[in-house]
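The block underneath contains the structure these notes are about, expressed in structure tokens.
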Amino acid sequence: MQRLIEGVHKFRSGEFGNYRKLFRKLSREGQKPHTLFITCSDSRVLAELITHSQPGDLFVVKNVGNIVPPASARGDTNSTAAAIEFAVENLRVSDLVICGHSQCGAMAALLAEKPMSEATPHLRDWLKLAAPVRETIQKNYSHLHETRARENAAAEENILFGLDNLHSYPCVQERLADGTLCLHGWFFKIATAELFAYDPQTRQFSPLAAER
Ligand SMILES: [Zn+2]
């Protein structure tokens with residue numbers, strides 16, 4: 001905690017000077033983020049850092065494994081759905097990114113053979129939402145024997161699963177139909193901080209091109 005508090009003081013007395021005007025403006029005018037960025041809670045994946053974004057730019061949802069549940073999922077799974085509705089309907093973001101990543105602990109847990117501990121019932125239920133991803137890996141990726149490769153494949157398939165599920169939200173359907181919302185699937189490689197974007201035409205993840 002000491003490190004956290006020191007960090008707060010360092011920010012206030014240092015970098016904040018560069019942001020003072022921006023924060024004041026955002027406080028006065030409210031937020032108008034251009035993008036809803038859904039990514040993993042993993043401490044190594046920092047949406048603003050890896051996209052060089054400023055305060056006010058991104059509406060960020062972090063959850064375990066950047067899972068996007070279908071609109072029909074209720075109960076404990078509601079907060080991501082609520083954020084999607086708020087960002088798409090109220091904030092009117094123009095873009096929506098689902099960003100998965102390498103070495104994802106959630107993907108490892110999803111593919112793990114042994115059942116999850118009884119001490120983590122919420123985590124177990126949450127990961128169950130992505131059970132179709134696990135099935136896809138078992139069905140289509142039997143040629144991958146290395147755990148790391150299977151986990152990365154699961155991270156990519158989980159992004160596609162999330163993009164599919166986004167289509168189950170009426171507010172997303174409406175905005176897609178009138179052409180005011182674009183969906184993107186990204187994969188972040190931690191070791192090199194590279195981003196790869198899903199191309200629906202080639203059905204592959206390729207290095208993020210400058211003009212995208
Ligand atoms: Zn993760």
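Scheme for the structure tokens: letters A, B, ... for chains in order shown; per-chain residue numbers from 1; ligand numbers from 1 in order shown.
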
May I ask you to write as a JSON list (two decimals) with N, CA and C atoms, in the first residue's frame all residues lying at most 12 Å from ligand 1, with only C-alpha atoms and all ligand atoms counted?
[["chain", "number", "residue", "atom", "x", "y", "z"],
["A", 38, "ILE", "N", -12.51, -3.53, -24.09],
["A", 38, "ILE", "CA", -12.74, -4.64, -23.15],
["A", 38, "ILE", "C", -11.49, -5.51, -23.14],
["A", 39, "THR", "N", -10.85, -5.56, -21.98],
["A", 39, "THR", "CA", -9.64, -6.37, -21.91],
["A", 39, "THR", "C", -9.57, -7.12, -20.59],
["A", 40, "CYS", "N", -8.47, -7.82, -20.40],
["A", 40, "CYS", "CA", -8.33, -8.69, -19.22],
["A", 40, "CYS", "C", -7.86, -7.89, -18.00],
["A", 41, "SER", "N", -8.24, -8.37, -16.82],
["A", 41, "SER", "CA", -7.80, -7.71, -15.58],
["A", 41, "SER", "C", -6.30, -7.86, -15.35],
["A", 42, "ASP", "N", -5.66, -8.68, -16.14],
["A", 42, "ASP", "CA", -4.22, -8.93, -15.99],
["A", 42, "ASP", "C", -3.45, -7.61, -15.80],
["A", 43, "SER", "N", -2.58, -7.60, -14.80],
["A", 43, "SER", "CA", -1.85, -6.38, -14.44],
["A", 43, "SER", "C", -0.87, -5.93, -15.53],
["A", 44, "ARG", "N", -0.60, -6.82, -16.50],
["A", 44, "ARG", "CA", 0.37, -6.47, -17.54],
["A", 44, "ARG", "C", -0.29, -5.84, -18.77],
["A", 45, "VAL", "N", -1.61, -5.81, -18.78],
["A", 45, "VAL", "CA", -2.32, -5.29, -19.95],
["A", 45, "VAL", "C", -2.96, -3.95, -19.57],
["A", 46, "LEU", "N", -2.33, -2.88, -20.00],
["A", 46, "LEU", "CA", -2.79, -1.53, -19.65],
["A", 46, "LEU", "C", -3.29, -0.83, -20.90],
["A", 62, "LYS", "N", -12.39, -4.07, -17.62],
["A", 62, "LYS", "CA", -11.42, -5.14, -17.39],
["A", 62, "LYS", "C", -12.14, -6.24, -16.65],
["A", 63, "ASN", "N", -12.06, -7.44, -17.15],
["A", 63, "ASN", "CA", -12.60, -8.57, -16.39],
["A", 63, "ASN", "C", -11.68, -9.77, -16.58],
["A", 64, "VAL", "N", -11.91, -10.80, -15.81],
["A", 64, "VAL", "CA", -11.04, -11.98, -15.87],
["A", 64, "VAL", "C", -11.20, -12.66, -17.23],
["A", 65, "GLY", "N", -10.16, -12.57, -18.05],
["A", 65, "GLY", "CA", -10.17, -13.24, -19.34],
["A", 65, "GLY", "C", -10.87, -12.47, -20.45],
["A", 66, "ASN", "N", -11.11, -11.16, -20.23],
["A", 66, "ASN", "CA", -11.86, -10.33, -21.21],
["A", 66, "ASN", "C", -12.98, -11.11, -21.90],
["A", 67, "ILE", "N", -13.81, -11.75, -21.07],
["A", 67, "ILE", "CA", -14.93, -12.53, -21.59],
["A", 67, "ILE", "C", -16.12, -11.59, -21.83],
["A", 98, "ILE", "N", -12.26, -5.72, -28.36],
["A", 98, "ILE", "CA", -12.04, -6.78, -27.37],
["A", 98, "ILE", "C", -10.57, -7.15, -27.51],
["A", 99, "CYS", "N", -9.83, -6.98, -26.43],
["A", 99, "CYS", "CA", -8.38, -7.20, -26.50],
["A", 99, "CYS", "C", -7.97, -8.34, -25.56],
["A", 100, "GLY", "N", -7.64, -9.49, -26.13],
["A", 100, "GLY", "CA", -7.11, -10.60, -25.35],
["A", 100, "GLY", "C", -5.59, -10.51, -25.32],
["A", 101, "HIS", "N", -4.95, -11.45, -24.66],
["A", 101, "HIS", "CA", -3.49, -11.34, -24.56],
["A", 101, "HIS", "C", -2.82, -12.69, -24.36],
["A", 102, "SER", "N", -1.51, -12.71, -24.56],
["A", 102, "SER", "CA", -0.71, -13.92, -24.37],
["A", 102, "SER", "C", -0.58, -14.21, -22.87],
["A", 103, "GLN", "N", -0.23, -15.43, -22.55],
["A", 103, "GLN", "CA", -0.03, -15.85, -21.15],
["A", 103, "GLN", "C", -1.21, -15.48, -20.24],
["A", 104, "CYS", "N", -2.42, -15.66, -20.75],
["A", 104, "CYS", "CA", -3.61, -15.29, -19.97],
["A", 104, "CYS", "C", -3.95, -16.40, -18.97],
["A", 105, "GLY", "N", -3.94, -16.03, -17.70],
["A", 105, "GLY", "CA", -4.23, -17.00, -16.64],
["A", 105, "GLY", "C", -5.64, -17.54, -16.74],
["A", 106, "ALA", "N", -6.57, -16.71, -17.22],
["A", 106, "ALA", "CA", -7.96, -17.15, -17.35],
["A", 106, "ALA", "C", -8.07, -18.23, -18.42],
["A", 107, "MET", "N", -7.33, -18.06, -19.53],
["A", 107, "MET", "CA", -7.35, -19.06, -20.59],
["A", 107, "MET", "C", -6.72, -20.36, -20.10],
["A", 108, "ALA", "N", -5.66, -20.23, -19.30],
["A", 108, "ALA", "CA", -5.00, -21.41, -18.73],
["A", 108, "ALA", "C", -5.99, -22.16, -17.84],
["A", 109, "ALA", "N", -6.73, -21.41, -17.01],
["A", 109, "ALA", "CA", -7.71, -22.03, -16.11],
["A", 109, "ALA", "C", -8.85, -22.67, -16.91],
["A", 110, "LEU", "N", -9.23, -22.01, -18.00],
["A", 110, "LEU", "CA", -10.31, -22.52, -18.84],
["A", 110, "LEU", "C", -9.95, -23.87, -19.46],
["A", 127, "LEU", "N", -15.90, -18.40, -15.72],
["A", 127, "LEU", "CA", -15.18, -19.06, -16.82],
["A", 127, "LEU", "C", -16.09, -20.01, -17.60],
["A", 151, "GLU", "N", -3.06, -22.18, -25.12],
["A", 151, "GLU", "CA", -3.61, -21.04, -24.36],
["A", 151, "GLU", "C", -3.73, -19.79, -25.25],
["A", 152, "ASN", "N", -2.72, -19.59, -26.09],
["A", 152, "ASN", "CA", -2.79, -18.43, -26.99],
["A", 152, "ASN", "C", -3.89, -18.61, -28.03],
["A", 154, "ALA", "N", -6.58, -20.26, -27.47],
["A", 154, "ALA", "CA", -7.82, -20.01, -26.71],
["A", 154, "ALA", "C", -8.07, -18.51, -26.55],
["A", 155, "ALA", "N", -6.99, -17.76, -26.32],
["A", 155, "ALA", "CA", -7.15, -16.30, -26.19],
["A", 155, "ALA", "C", -7.70, -15.71, -27.48],
["A", 156, "GLU", "N", -7.22, -16.21, -28.62],
["A", 156, "GLU", "CA", -7.71, -15.71, -29.91],
["A", 156, "GLU", "C", -9.16, -16.15, -30.15],
["A", 158, "ASN", "N", -11.31, -16.85, -27.93],
["A", 158, "ASN", "CA", -12.15, -16.16, -26.95],
["A", 158, "ASN", "C", -12.51, -14.75, -27.44],
["A", 159, "ILE", "N", -11.59, -14.14, -28.18],
["A", 159, "ILE", "CA", -11.87, -12.81, -28.76],
["A", 159, "ILE", "C", -12.99, -12.95, -29.80],
["A", 187, "PHE", "N", -5.24, -8.84, -30.21],
["A", 187, "PHE", "CA", -4.48, -9.74, -29.34],
["A", 187, "PHE", "C", -3.17, -9.03, -28.99],
["A", 188, "PHE", "N", -2.89, -8.96, -27.69],
["A", 188, "PHE", "CA", -1.70, -8.26, -27.19],
["A", 188, "PHE", "C", -0.66, -9.28, -26.74],
["A", 189, "LYS", "N", 0.54, -9.16, -27.32],
["A", 189, "LYS", "CA", 1.63, -10.07, -26.95],
["A", 189, "LYS", "C", 2.48, -9.38, -25.88],
["A", 190, "ILE", "N", 2.44, -9.92, -24.70],
["A", 190, "ILE", "CA", 3.05, -9.21, -23.56],
["A", 190, "ILE", "C", 4.55, -8.99, -23.73]]

(request) Name the residues in contact with Asn18 of chain A at a cut-off of 12 Å, using only C-alpha atoms, excluding same-chain residues fewer than 6 positions from it; report them as a PyMOL selection string. (result) chain A and resi 11-12+24+54-55

(request) Give the helix (DSSP H, G or I) residues of chain A, as assigned by DSSP on the backbone, as an MDAnalysis selection string. (result) chainID A and resid 2:13 16:29 47:50 75:90 105:111 121:128 131:140 147:166 170:177
